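File shown: my_file_19.txt. Contents: compact mmCIF, C-alpha atoms.
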```
# COMPACT_ATOMS: atom_id res chain seq x y z
CA MET A 1 0.28 12.20 19.73
CA ARG A 2 0.86 10.07 22.85
CA ILE A 3 -1.28 6.94 22.77
CA PRO A 4 -4.15 7.21 25.29
CA SER A 5 -4.71 4.30 27.62
CA GLY A 6 -7.34 1.85 26.41
CA CYS A 7 -7.57 3.12 22.82
CA SER A 8 -6.24 -0.13 21.35
CA LYS A 9 -6.23 -3.81 22.18
CA LEU A 10 -2.51 -3.73 21.41
CA GLN A 11 0.19 -2.69 23.84
CA ARG A 12 2.47 0.23 22.94
CA PRO A 13 5.48 -1.96 21.94
CA GLU A 14 3.31 -3.90 19.47
CA ILE A 15 1.86 -0.68 18.05
CA ILE A 16 5.38 0.63 17.48
CA GLU A 17 6.35 -2.69 15.90
CA ARG A 18 3.49 -2.34 13.42
CA VAL A 19 4.26 1.32 12.70
CA LYS A 20 7.84 0.42 11.87
CA GLY A 21 6.55 -2.46 9.74
CA LEU A 22 4.35 -0.06 7.78
CA ILE A 23 7.12 2.41 6.98
CA PHE A 24 9.76 -0.16 6.12
CA GLY A 25 7.22 -2.25 4.20
CA ALA A 26 6.44 0.79 2.04
CA VAL A 27 10.14 1.51 1.46
CA LEU A 28 10.84 -2.10 0.46
CA GLY A 29 7.95 -2.20 -2.00
CA ASP A 30 8.91 1.12 -3.57
CA SER A 31 12.57 0.10 -3.88
CA LEU A 32 11.83 -3.27 -5.46
CA GLY A 33 9.29 -1.69 -7.79
CA ILE A 34 11.90 0.52 -9.45
CA ALA A 35 12.96 -2.61 -11.37
CA THR A 36 9.76 -2.67 -13.47
CA GLN A 37 8.36 0.83 -13.04
CA GLY A 38 6.63 2.00 -16.22
CA MET A 39 6.98 -1.32 -18.06
CA THR A 40 4.26 -3.39 -19.68
CA ARG A 41 3.93 -7.01 -18.60
CA ASP A 42 5.53 -8.10 -21.89
CA GLU A 43 8.49 -5.79 -21.27
CA VAL A 44 8.89 -7.19 -17.75
CA LYS A 45 9.00 -10.71 -19.15
CA LYS A 46 11.50 -9.68 -21.82
CA HIS A 47 13.90 -8.20 -19.27
CA TYR A 48 13.34 -10.47 -16.25
CA GLY A 49 11.73 -13.66 -17.59
CA GLU A 50 9.72 -15.26 -14.81
CA GLY A 51 11.93 -13.63 -12.16
CA PRO A 52 12.65 -13.33 -9.34
CA ILE A 53 14.41 -9.98 -9.45
CA GLN A 54 17.62 -9.56 -7.46
CA PHE A 55 17.13 -7.35 -4.43
CA GLY A 56 18.54 -6.81 -0.95
CA LEU A 57 21.91 -7.90 0.38
CA SER A 58 24.40 -9.13 -2.20
CA ASN A 59 25.04 -12.81 -1.67
CA ASP A 60 26.15 -15.09 -4.51
CA GLU A 61 24.40 -18.09 -2.98
CA VAL A 62 21.13 -16.26 -2.25
CA ASN A 63 21.10 -14.36 -5.56
CA ASP A 64 21.80 -17.41 -7.70
CA GLY A 65 19.38 -17.39 -10.64
CA GLN A 66 17.91 -14.00 -9.77
CA LYS A 67 17.74 -11.28 -12.42
CA PRO A 68 19.57 -8.01 -11.68
CA PHE A 69 17.91 -4.65 -12.36
CA ILE A 70 18.27 -3.54 -15.96
CA ARG A 71 19.96 -0.16 -16.28
CA ASP A 72 17.97 1.79 -18.85
CA THR A 73 17.63 5.60 -18.90
CA TYR A 74 15.18 5.69 -15.98
CA ARG A 75 16.77 3.05 -13.74
CA LYS A 76 20.25 4.57 -14.17
CA LEU A 77 18.98 7.41 -11.99
CA PHE A 78 18.95 5.09 -8.95
CA ASP A 79 21.60 3.32 -6.94
CA ASP A 80 21.22 -0.32 -5.90
CA ASN A 81 18.41 -0.83 -3.34
CA ASP A 82 17.50 2.86 -3.56
CA TYR A 83 13.99 4.24 -3.21
CA SER A 84 12.02 6.71 -5.31
CA GLY A 85 10.13 9.97 -4.88
CA ASP A 86 7.08 8.20 -3.44
CA VAL A 87 9.05 7.25 -0.33
CA ASP A 88 10.65 10.69 -0.27
CA GLN A 89 7.12 12.10 0.04
CA LEU A 90 6.23 9.63 2.78
CA LEU A 91 9.36 10.66 4.66
CA LEU A 92 8.42 14.33 4.21
CA VAL A 93 5.14 13.55 5.98
CA VAL A 94 7.09 11.84 8.75
CA GLN A 95 9.32 14.93 9.02
CA ILE A 96 6.28 17.23 9.24
CA LEU A 97 4.77 15.06 11.97
CA ILE A 98 8.02 15.07 13.96
CA GLU A 99 8.37 18.84 13.66
CA ASN A 100 4.74 19.43 14.68
CA GLU A 101 4.54 16.85 17.49
CA GLY A 102 2.23 14.55 15.55
CA GLN A 103 0.08 17.18 13.83
CA PHE A 104 -0.15 17.12 10.03
CA ASN A 105 0.29 20.59 8.55
CA LEU A 106 -0.68 20.86 4.88
CA LYS A 107 0.97 24.24 4.33
CA SER A 108 4.33 23.02 5.65
CA PHE A 109 4.08 19.78 3.72
CA THR A 110 3.17 21.50 0.44
CA LYS A 111 6.11 23.89 0.78
CA LYS A 112 8.55 21.04 1.45
CA LEU A 113 7.03 18.98 -1.40
CA GLU A 114 7.40 21.82 -3.91
CA THR A 115 11.04 22.30 -2.92
CA HIS A 116 11.67 18.57 -3.20
CA LEU A 117 10.04 18.23 -6.63
CA GLU A 118 12.04 21.15 -8.01
CA LYS A 119 15.26 19.31 -7.15
CA ASP A 120 14.25 15.71 -7.93
CA MET A 121 14.86 14.89 -11.59
CA ARG A 122 13.93 11.27 -10.88
CA GLN A 123 10.44 12.28 -9.74
CA ARG A 124 9.89 14.54 -12.76
CA THR A 125 10.86 11.67 -15.05
CA LEU A 126 8.45 9.36 -13.22
CA ASP A 127 5.52 11.80 -13.33
CA GLN A 128 5.67 11.75 -17.13
CA LYS A 129 4.82 8.06 -17.04
CA ARG A 130 1.88 7.80 -14.67
CA ASP A 131 -1.25 9.11 -13.04
CA GLY A 132 -0.46 12.10 -10.81
CA TYR A 133 -2.55 10.88 -7.87
CA ASN A 134 -0.97 7.53 -7.04
CA GLY A 135 1.86 9.01 -5.00
CA ALA A 136 -0.66 10.44 -2.54
CA LEU A 137 -1.63 6.89 -1.60
CA VAL A 138 1.87 6.07 -0.39
CA ARG A 139 2.10 9.06 1.91
CA SER A 140 -1.49 8.61 3.15
CA SER A 141 -0.55 5.23 4.62
CA VAL A 142 1.48 6.97 7.35
CA LEU A 143 -1.39 9.40 7.99
CA GLY A 144 -3.33 6.52 9.51
CA ILE A 145 -0.93 6.69 12.47
CA PRO A 146 -1.41 10.16 14.08
CA LYS A 147 -4.34 9.89 16.51
CA PHE A 148 -5.26 6.52 15.04
CA TRP A 149 -7.83 6.22 17.83
CA ASP A 150 -9.73 9.23 16.40
CA GLY A 151 -11.36 8.23 13.11
CA THR A 152 -12.37 11.80 12.22
CA THR A 153 -8.79 13.10 12.47
CA VAL A 154 -7.51 10.21 10.35
CA ILE A 155 -10.05 10.89 7.59
CA GLU A 156 -9.44 14.65 7.63
CA ASN A 157 -5.64 14.24 7.46
CA ALA A 158 -5.90 11.80 4.54
CA ALA A 159 -8.26 14.06 2.59
CA GLU A 160 -6.22 17.16 3.42
CA SER A 161 -3.03 15.59 2.09
CA CYS A 162 -4.71 15.06 -1.30
CA ARG A 163 -4.83 18.83 -1.73
CA ALA A 164 -1.07 18.70 -2.30
CA CYS A 165 -1.52 16.69 -5.53
CA VAL A 166 0.42 18.04 -8.49
CA ASN A 167 -2.68 18.77 -10.59
CA ARG A 168 -5.82 19.34 -8.52
CA PRO A 169 -7.78 17.61 -5.74
CA ASP A 170 -9.61 14.59 -7.13
CA PRO A 171 -12.38 12.46 -5.57
CA ARG A 172 -10.67 9.22 -6.65
CA CYS A 173 -7.51 10.26 -4.85
CA MET A 174 -9.49 11.30 -1.78
CA ILE A 175 -11.58 8.14 -1.37
CA THR A 176 -8.64 5.75 -1.85
CA CYS A 177 -6.45 7.71 0.58
CA VAL A 178 -9.22 7.83 3.19
CA ILE A 179 -9.82 4.07 2.89
CA LEU A 180 -6.10 3.29 3.20
CA SER A 181 -5.51 5.57 6.19
CA THR A 182 -8.61 4.27 7.94
CA LEU A 183 -7.51 0.67 7.47
CA VAL A 184 -4.13 1.46 9.01
CA ALA A 185 -5.79 3.17 11.96
CA ARG A 186 -8.15 0.28 12.58
CA ILE A 187 -5.35 -2.27 12.45
CA LEU A 188 -3.50 -0.22 15.07
CA ARG A 189 -6.66 -0.23 17.18
CA ALA A 190 -6.89 -4.01 16.56
CA GLN A 191 -10.39 -3.64 15.17
CA ASP A 192 -9.72 -6.44 12.72
CA LEU A 193 -10.20 -8.72 15.72
CA GLU A 194 -13.47 -6.99 16.60
CA ILE A 195 -14.77 -7.49 13.07
CA LYS A 196 -13.90 -11.18 13.23
CA GLN A 197 -15.61 -11.67 16.58
CA LYS A 198 -18.74 -9.82 15.45
CA ALA A 199 -18.97 -11.96 12.32
CA MET A 200 -18.67 -15.12 14.40
CA ASN A 201 -21.27 -13.99 16.93
CA ASP A 202 -23.78 -12.72 14.37
CA GLU A 203 -23.13 -15.44 11.83
CA THR A 204 -22.81 -12.66 9.30
CA PRO A 205 -22.64 -14.10 5.78
CA LEU A 206 -19.49 -13.28 3.85
CA PRO A 207 -19.80 -10.68 1.09
CA SER A 208 -20.57 -11.90 -2.42
CA PRO A 209 -17.54 -13.10 -4.37
CA SER A 210 -15.84 -11.24 -7.18
CA LEU A 211 -17.82 -10.42 -10.29
CA HIS A 212 -14.99 -12.13 -12.16
CA PRO A 213 -14.50 -15.61 -10.64
CA PRO A 214 -11.07 -17.07 -11.32
CA PRO A 215 -10.48 -19.76 -13.94
CA THR A 216 -9.63 -22.99 -12.17
CA HIS A 217 -7.92 -26.30 -12.77
CA ALA A 218 -8.01 -29.52 -10.80
CA SER A 219 -5.10 -30.13 -8.46
CA ALA A 220 -3.61 -33.54 -7.81
CA GLY A 221 -6.01 -33.88 -4.89
CA GLY A 222 -9.01 -33.09 -7.06
CA LEU A 223 -9.67 -29.64 -5.55
CA ALA A 224 -10.15 -26.64 -7.80
CA GLN A 225 -7.24 -24.20 -7.64
CA PRO A 226 -6.66 -20.84 -9.34
CA ALA A 227 -5.09 -21.27 -12.78
CA SER A 228 -2.08 -19.17 -11.85
CA ASP A 229 1.59 -19.65 -11.17
CA HIS A 230 1.71 -16.61 -8.88
CA TYR A 231 2.19 -17.22 -5.17
CA ILE A 232 -0.29 -14.48 -4.24
CA ASP A 233 -3.09 -16.21 -6.19
CA ILE A 234 -2.61 -19.53 -4.41
CA LEU A 235 -3.12 -18.03 -0.94
CA ASP A 236 -6.66 -18.21 0.42
CA THR A 237 -8.64 -15.14 1.45
CA ASP A 238 -8.43 -14.16 5.10
CA ASP A 239 -12.16 -13.73 5.65
CA HIS A 240 -12.06 -11.47 8.70
CA ILE A 241 -9.51 -9.12 7.09
CA MET A 242 -11.76 -9.01 4.03
CA LEU A 243 -14.72 -8.14 6.26
CA LEU A 244 -12.68 -5.29 7.72
CA VAL A 245 -11.89 -3.97 4.23
CA HIS A 246 -15.56 -4.11 3.25
CA ALA A 247 -16.61 -2.37 6.45
CA VAL A 248 -14.15 0.50 5.87
CA ILE A 249 -15.27 0.97 2.26
CA ASP A 250 -18.95 0.87 3.26
CA ILE A 251 -18.46 3.42 6.04
CA ASN A 252 -16.58 5.89 3.82
CA LYS A 253 -18.28 5.49 0.42
CA HIS A 254 -20.63 8.40 1.19
CA LEU A 255 -17.66 10.76 0.83
CA LEU A 256 -17.58 9.82 -2.85
CA ILE A 257 -21.25 9.50 -3.80
CA GLU A 258 -23.19 11.84 -1.49
CA PRO A 259 -23.24 15.66 -1.39
CA THR A 260 -21.69 17.22 1.69
CA GLU A 261 -21.66 20.60 3.39
CA ASP A 262 -18.18 20.00 4.78
CA ARG A 263 -15.83 22.56 3.19
CA LEU A 264 -12.92 20.14 3.08
CA PHE A 265 -14.76 17.38 1.25
CA ARG A 266 -16.60 19.76 -1.07
CA LEU A 267 -13.22 20.29 -2.75
CA PHE A 268 -13.35 16.69 -3.93
CA GLU A 269 -16.95 16.49 -5.10
CA ALA A 270 -17.61 15.15 -8.60
CA LYS A 271 -20.66 15.46 -10.80
CA GLU A 272 -23.23 12.75 -10.06
CA GLU A 273 -22.48 10.83 -13.26
CA SER A 274 -18.73 10.85 -12.59
CA ALA A 275 -19.20 9.97 -8.91
CA ASN A 276 -21.31 6.94 -9.84
CA ALA A 277 -18.71 5.83 -12.38
CA TYR A 278 -15.94 6.20 -9.79
CA TYR A 279 -17.99 4.24 -7.27
CA LYS A 280 -18.39 1.36 -9.72
CA GLN A 281 -14.63 1.37 -10.29
CA LEU A 282 -14.04 1.37 -6.53
CA LEU A 283 -16.26 -1.69 -6.16
CA GLU A 284 -14.72 -3.48 -9.12
CA TYR A 285 -11.10 -3.01 -8.12
CA CYS A 286 -11.19 -2.67 -4.33
CA TYR A 287 -14.36 -4.25 -2.88
CA HIS A 288 -14.38 -7.45 -4.92
CA ALA A 289 -11.20 -9.49 -4.86
CA PRO A 290 -9.71 -9.98 -8.34
CA ALA A 291 -9.65 -13.39 -9.94
CA THR A 292 -5.84 -13.27 -10.09
CA ILE A 293 -3.23 -10.55 -9.80
CA GLU A 294 -3.03 -10.46 -13.61
CA ALA A 295 -6.78 -9.77 -13.83
CA LEU A 296 -6.15 -6.25 -12.52
CA ASN A 297 -4.12 -5.39 -15.65
CA LEU A 298 -1.78 -3.26 -13.59
CA ASP A 299 0.36 -2.40 -16.61
CA GLN A 300 -2.51 -0.69 -18.42
CA PRO A 301 -2.77 3.11 -17.84
CA ASP A 302 -6.39 3.30 -16.73
CA HIS A 303 -8.04 3.65 -13.31
CA LEU A 304 -4.55 3.64 -11.77
CA THR A 305 -5.50 4.89 -8.31
CA PHE A 306 -8.20 2.24 -7.88
CA LYS A 307 -5.91 -0.42 -9.33
CA CYS A 308 -3.14 0.52 -6.92
CA LEU A 309 -5.42 0.23 -3.91
CA GLY A 310 -7.03 -2.92 -5.34
CA ALA A 311 -3.69 -4.71 -5.76
CA SER A 312 -2.69 -3.66 -2.24
CA LEU A 313 -5.95 -4.87 -0.72
CA TYR A 314 -5.59 -8.15 -2.59
CA ALA A 315 -2.20 -8.61 -0.92
CA PHE A 316 -3.49 -7.41 2.46
CA THR A 317 -6.41 -9.88 2.53
CA ARG A 318 -4.39 -13.03 1.82
CA GLN A 319 -3.96 -15.67 4.52
CA LEU A 320 -0.32 -15.42 5.57
CA PRO A 321 1.83 -18.13 7.13
CA VAL A 322 2.64 -16.94 10.65
CA GLN A 323 4.19 -19.99 12.30
CA SER A 324 7.62 -18.36 12.15
CA GLU A 325 9.20 -15.05 11.24
CA GLY A 326 10.96 -16.76 8.33
CA GLU A 327 7.69 -18.03 6.82
CA THR A 328 6.06 -14.62 7.03
CA ALA A 329 9.12 -12.89 5.55
CA PHE A 330 9.13 -15.40 2.68
CA ALA A 331 5.44 -14.68 1.96
CA PHE A 332 6.11 -10.91 2.04
CA LYS A 333 8.86 -11.33 -0.55
CA LYS A 334 6.78 -13.52 -2.84
CA ILE A 335 3.69 -11.30 -2.71
CA LEU A 336 5.60 -8.09 -3.47
CA MET A 337 7.53 -9.82 -6.25
CA ASP A 338 4.27 -10.98 -7.85
CA ILE A 339 2.96 -7.40 -7.82
CA VAL A 340 6.17 -5.89 -9.18
CA MET A 341 6.31 -8.45 -12.01
CA GLN A 342 3.04 -6.98 -13.33
CA GLY A 343 4.79 -3.74 -14.33
CA GLY A 344 2.83 -0.49 -14.60
CA ASP A 345 3.16 1.83 -11.60
CA ALA A 346 5.01 -0.99 -9.91
CA GLY A 347 6.80 1.05 -7.24
CA THR A 348 3.63 2.66 -5.94
CA ASN A 349 1.61 -0.56 -6.12
CA ALA A 350 4.24 -2.46 -4.16
CA ALA A 351 4.82 0.41 -1.71
CA VAL A 352 1.16 0.54 -0.68
CA ALA A 353 0.95 -3.26 -0.53
CA GLY A 354 4.15 -3.33 1.53
CA ALA A 355 2.77 -0.73 3.94
CA LEU A 356 -0.42 -2.72 4.54
CA LEU A 357 1.42 -6.01 4.91
CA GLY A 358 3.97 -4.35 7.18
CA VAL A 359 1.38 -2.86 9.55
CA ARG A 360 -0.33 -6.23 9.64
CA VAL A 361 2.69 -8.42 10.46
CA GLY A 362 5.13 -5.97 12.09
CA TYR A 363 8.73 -4.99 11.51
CA ASP A 364 10.38 -8.13 12.91
CA ARG A 365 8.59 -10.32 10.35
CA LEU A 366 9.84 -8.37 7.34
CA PRO A 367 12.72 -10.00 5.40
CA SER A 368 15.85 -8.84 7.22
CA ASP A 369 18.10 -9.32 4.18
CA TRP A 370 15.92 -6.89 2.27
CA VAL A 371 15.70 -4.36 5.12
CA ILE A 372 19.43 -4.33 5.89
CA GLY A 373 20.21 -4.19 2.18
CA LEU A 374 18.33 -0.91 1.71
CA LYS A 375 20.36 2.14 0.81
CA ARG A 376 20.62 4.42 3.89
CA TRP A 377 19.15 1.66 6.06
CA GLU A 378 20.68 2.96 9.29
CA TRP A 379 19.51 6.52 8.56
CA LEU A 380 16.00 5.19 7.95
CA GLU A 381 16.11 3.28 11.24
CA ASP A 382 17.04 6.45 13.12
CA ARG A 383 14.31 8.46 11.40
CA VAL A 384 11.62 5.88 12.14
CA GLU A 385 12.74 5.56 15.76
CA GLU A 386 12.51 9.34 16.16
CA PHE A 387 8.97 9.24 14.78
CA CYS A 388 7.95 6.35 17.04
CA GLN A 389 9.05 8.33 20.11
CA LEU A 390 5.99 10.52 19.50
CA LEU A 391 3.69 7.57 20.23
```

Full structure transcribed into structure tokens:
Amino acid sequence: MRIPSGCSKLQRPEIIERVKGLIFGAVLGDSLGIATQGMTRDEVKKHYGEGPIQFGLSNDEVNDGQKPFIRDTYRKLFDDNDYSGDVDQLLLVVQILIENEGQFNLKSFTKKLETHLEKDMRQRTLDQKRDGYNGALVRSSVLGIPKFWDGTTVIENAAESCRACVNRPDPRCMITCVILSTLVARILRAQDLEIKQKAMNDETPLPSPSLHPPPTHASAGGLAQPASDHYIDILDTDDHIMLLVHAVIDINKHLLIEPTEDRLFRLFEAKEESANAYYKQLLEYCYHAPATIEALNLDQPDHLTFKCLGASLYAFTRQLPVQSEGETAFAFKKILMDIVMQGGDAGTNAAVAGALLGVRVGYDRLPSDWVIGLKRWEWLEDRVEEFCQLL
């Protein structure tokens, strides 16, 4: 899995920085999301008000006014700053890649996953509350790393991993995992910069706006602003990142809506009527930016896989403050908190968003008080360093 010369515009240290950012970003999102996992938005408000939720290092001054995790039947299963089965699965993928020198092996992964699920009461409790396919998205984020310079390998690994789903392979799982892994790979190749340059050179018009334009109100300066108190909704769209997202969806949509002779992808084929319905859902939740984070209705148990990717892409395509590490870390915290406060499959939604934000900004720009506060932080550091030695 050694990185070939010239396959990326980034140097190896920066690639490793982004890989570490992806893994720790996913862990942070998953850990924070335990606080509201499985709740409706009304239940979140009942327990946590307007937030924020206490997380990371314990510090009376920092935690002043923050709401601690409630300890109901589900959340009693976790220690402070712990992570759930979604991250366990991601780490199983990392273990498989380490053991196989960067090669993903479905048979080995499935065997380890079955053993893990038999022992993990927390995961069995969680699976009763949600769509069975969302967890595949979390682990597919790391499958954008092996041979990220080879788009075919990335797509095949992402699709292959979906075959380990608890129920059966599903085209919605496959297309979202392929899109996510491909985005990770292209960020590591720095193709977001290529997309931006091409748009500037060709004067390519930006894609049409959301089908659901946001309600607005006039700010003090007279400019229309989103009618939302959420930090994520106030951030502008990063146009060249959005162009990258659209390009990846456009390139891979044929896997969902067109017949194929490829044995791997034939496993995921849906009837034409279903495929067209799934494609419309993909466009609604993932191609067009939502009006606000609340517009995704993340606490409602429908279209969960598309909603998860949609919320993550919404976070990924925001303009982030990058003047200092502190500003970027602050934005990371606020964005993940906004997603988690929506309830639903909060851990998975925030894990995927955290992975995409982490690979975009890098490990050093993640909030250090959250990272160091994680349970088994030093063990995680060692595991990630071992994985990065393969690059």

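CA of Leu282 (chain A) sits 17.6 Å away from CA of Glu294 (chain A).
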
> A:Thr152, A:Gly65, A:Leu180, A:Lys111: which is nearest Ala355 (chain A), counting all atoms listed in the file?
Replying inline: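 Once distances to Ala355 (chain A) are computed over all atoms listed in the file, the minimum belongs to A:Leu180.
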
> Rounded to one decimal in Å, what is the spacing between CA of Trp370 (chain A) and CA of Pro146 (chain A)?
Replying inline: 27.0 Å

>> Using all atoms listed in the file for the distances, tell me which of A:Gln95, A:Gln54, A:Gln300, A:Thr348 is nearest to Arg383 (chain A).
In response: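 For Arg383 (chain A), the nearest of the candidates is A:Gln95.
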
Can you list, as a PDB file with C-alpha atoms, keeping the file's coordinate frame, every protein, DNA or RNA residue that comes within 9 Å of His116 (chain A) when you count all atoms listed in the file, leaving out same-chain residues fewer than 4 positions away?
```pdb
ATOM      1  CA  GLY A  85      10.130   9.970  -4.880  1.00  0.00           C
ATOM      2  CA  ASP A  88      10.650  10.690  -0.270  1.00  0.00           C
ATOM      3  CA  GLN A  89       7.120  12.100   0.040  1.00  0.00           C
ATOM      4  CA  LYS A 111       6.110  23.890   0.780  1.00  0.00           C
ATOM      5  CA  LYS A 112       8.550  21.040   1.450  1.00  0.00           C
ATOM      6  CA  ASP A 120      14.250  15.710  -7.930  1.00  0.00           C
TER       7      ASP A 120
END
```

> What is the distance between CA of Leu117 (chain A) and CA of Ser141 (chain A), in Å to one decimal?
Replying inline: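 Interatomic distance here is 20.2 Å.
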
> Any idea what's packed within 8 Å of Leu183 (chain A), counting only C-alpha atoms, ignoring anything in its chain fewer than 4 positions away? Could you give it as a list in words?
Replying inline: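 In the requested format, the answer is Gly144, Ile179, Ile187, Leu244, Val245 and Val248 of chain A.
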
> At most 12 Å from (22.1, -8.0, -6.5), file frame, only C-alpha atoms: which residues, as a list in words?
Replying inline: Leu32, Ala35, Pro52, Ile53, Gln54, Phe55, Gly56, Leu57, Ser58, Asn59, Asp60, Glu61, Val62, Asn63, Asp64, Gly65, Gln66, Lys67, Pro68, Phe69, Ile70, Asp79, Asp80, Asn81, Asp369, Trp370, Gly373 and Leu374 of chain A

Listing only residues of region 260-311 of chain A within 9 Å of region 233-243 of chain A, what is the closest atom pair and its distance in Å (to one decimal) for each, using only C-alpha atoms, sorted by chain and residue number ascending, as CSV?
```
residue,atom,partner,partner_atom,distance
A:Tyr287,CA,A:Met242,CA,8.8
A:Ala289,CA,A:Thr237,CA,8.8
A:Ala291,CA,A:Asp233,CA,8.1
A:Thr292,CA,A:Asp233,CA,5.6
A:Ile293,CA,A:Asp233,CA,6.7
```

For the selection you just gave me, I'd like the residues written to a file as a PDB file, in the frame of the given file, keeping C-alpha atoms.
```pdb
ATOM      1  CA  TYR A 287     -14.360  -4.250  -2.880  1.00  0.00           C
ATOM      2  CA  ALA A 289     -11.200  -9.490  -4.860  1.00  0.00           C
ATOM      3  CA  ALA A 291      -9.650 -13.390  -9.940  1.00  0.00           C
ATOM      4  CA  THR A 292      -5.840 -13.270 -10.090  1.00  0.00           C
ATOM      5  CA  ILE A 293      -3.230 -10.550  -9.800  1.00  0.00           C
TER       6      ILE A 293
END
```

> Which residue gives the smallest distance to Glu325 (chain A) among A:Tyr231, A:Phe109, A:Trp379, A:Tyr363, with all atoms listed in the file counted?
Replying inline: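 Nearest candidate to Glu325 (chain A) out of A:Tyr231, A:Phe109, A:Trp379, A:Tyr363: A:Tyr363.
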
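Proximity of A:Tyr48, A:Glu261, A:Gly21, A:Asp82 to Ala329 (chain A), computed with all atoms listed in the file, is greatest for A:Gly21.
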
>> Just checking: using all atoms listed in the file, which residue out of A:Arg189, A:Arg12, A:Arg263, A:Arg41 ends up closest to Leu298 (chain A)?
In response: A:Arg41

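Every protein or nucleic acid residue with an atom no more than 10 Å from Lys45 (chain A), counting all atoms listed in the file and leaving out same-chain residues fewer than 3 positions away, appears here: A:Thr36, A:Met39, A:Thr40, A:Arg41, A:Asp42, A:Tyr48, A:Gly49, A:Glu50, A:Gly51, A:Met341, A:Gln342, A:Gly343.
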
> Can you list, as a list in words, every protein, DNA or RNA residue that comes within 10 Å of Gly102 (chain A) when you count only C-alpha atoms, leaving out same-chain residues fewer than 3 positions away?
Replying inline: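 My reading of the contact set: Met1, Arg2, Val94, Gln95, Ile96, Leu97, Ile98, Glu99, Asn105, Leu143, Ile145, Pro146, Lys147, Phe387, Leu390 and Leu391 of chain A.
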
> Quick one: residues within 9 Å of Ala26 (chain A), all atoms listed in the file counted, chain neighbours fewer than 6 positions away excluded, as a list in words?
Replying inline: Val87, Leu90, Val138, Ser141, Thr348, Ala350, Ala351, Val352, Ala353, Gly354, Ala355, Leu356, Leu357 and Gly358 of chain A

C-alpha atoms of the current selection, written as a PDB file, keeping the file's coordinate frame:
```
ATOM      1  CA  VAL A  87       9.050   7.250  -0.330  1.00  0.00           C
ATOM      2  CA  LEU A  90       6.230   9.630   2.780  1.00  0.00           C
ATOM      3  CA  VAL A 138       1.870   6.070  -0.390  1.00  0.00           C
ATOM      4  CA  SER A 141      -0.550   5.230   4.620  1.00  0.00           C
ATOM      5  CA  THR A 348       3.630   2.660  -5.940  1.00  0.00           C
ATOM      6  CA  ALA A 350       4.240  -2.460  -4.160  1.00  0.00           C
ATOM      7  CA  ALA A 351       4.820   0.410  -1.710  1.00  0.00           C
ATOM      8  CA  VAL A 352       1.160   0.540  -0.680  1.00  0.00           C
ATOM      9  CA  ALA A 353       0.950  -3.260  -0.530  1.00  0.00           C
ATOM     10  CA  GLY A 354       4.150  -3.330   1.530  1.00  0.00           C
ATOM     11  CA  ALA A 355       2.770  -0.730   3.940  1.00  0.00           C
ATOM     12  CA  LEU A 356      -0.420  -2.720   4.540  1.00  0.00           C
ATOM     13  CA  LEU A 357       1.420  -6.010   4.910  1.00  0.00           C
ATOM     14  CA  GLY A 358       3.970  -4.350   7.180  1.00  0.00           C
TER      15      GLY A 358
END
```

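Among the candidates A:Gly33, A:Leu188, A:Gln103, A:Asp250, the one nearest to Leu283 (chain A) when counting only C-alpha atoms is A:Asp250.
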